[in-house]
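Enquirer: Below is one structure. I have some questions about it.
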Amino acid sequence: MQDVVKRFKCGYVIKPFSYELFLKAIVDMYTLYRFKPEKYIKLVRRCREISYAYDIESMSKKFINILKSNVER
């Protein structure tokens, strides 16, 4: 999934369990939404368009496996 985010610049890739970076990403998104709504809308639309190219079932399973592997560590 991180390759999609990096390739299309449609989000953040954050080191697992890095709460500070996760919080910063949330604040950054809110700041974009609040102060530059046209850029936020453009980002959301791009992300949505990219998401249509992927199968929800297979992506969900991969994401669940990633989460499980991090919990088991």
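Residues are named by chain letter and number: chains run A, B, ... in the order of the structure tokens, numbers start at 1 in each chain, and ligands are numbered from 1 in the order shown.
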Any chance you could list, as a ChimeraX atom specification, the residues in chain A that come up alpha helix (DSSP H) when DSSP is run on the backbone?
Expert: /A:2-8,19-35,37-51,56-72
Enquirer: Residues of segment 8-29 of chain A within 9 Å of segment 33-52 of chain A: nearest atom pair and distance (Å, one decimal) for each, counting only C-alpha atoms, sorted by chain and number, as CSV?
Expert:
residue,atom,partner,partner_atom,distance
A:Phe8,CA,A:Ile50,CA,8.1
A:Lys9,CA,A:Leu43,CA,8.6
A:Cys10,CA,A:Cys47,CA,5.5
A:Gly11,CA,A:Cys47,CA,8.0
A:Asp28,CA,A:Tyr33,CA,8.6
A:Met29,CA,A:Tyr33,CA,6.1
Enquirer: Taking N, CA and C atoms for each residue, export the selection above as a short mmCIF file (atom, residue, chain, number, x, y, z; two decimals), in the first residue's frame.
Expert:
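Contents of selection_2.cif, as written:
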data_model
loop_
_atom_site.label_atom_id
_atom_site.label_comp_id
_atom_site.auth_asym_id
_atom_site.auth_seq_id
_atom_site.Cartn_x
_atom_site.Cartn_y
_atom_site.Cartn_z
N PHE A 8 1.51 7.96 -6.09
CA PHE A 8 0.47 8.91 -6.48
C PHE A 8 0.37 10.12 -5.54
N LYS A 9 1.20 10.14 -4.53
CA LYS A 9 1.22 11.25 -3.56
C LYS A 9 -0.19 11.53 -3.02
N CYS A 10 -0.79 10.47 -2.50
CA CYS A 10 -2.18 10.60 -2.04
C CYS A 10 -2.33 10.23 -0.57
N GLY A 11 -1.38 10.59 0.23
CA GLY A 11 -1.50 10.29 1.65
C GLY A 11 -0.16 10.30 2.33
N ASP A 28 -1.94 17.75 9.76
CA ASP A 28 -1.67 18.25 8.42
C ASP A 28 -2.90 18.15 7.52
N MET A 29 -3.61 17.03 7.58
CA MET A 29 -4.82 16.86 6.77
C MET A 29 -5.89 17.86 7.20
#
Enquirer: Calculate how many Å separate atom CA of Leu23 of chain A from atom CA of Ser69 of chain A, rounding to one decimal.
Expert: 22.4 Å
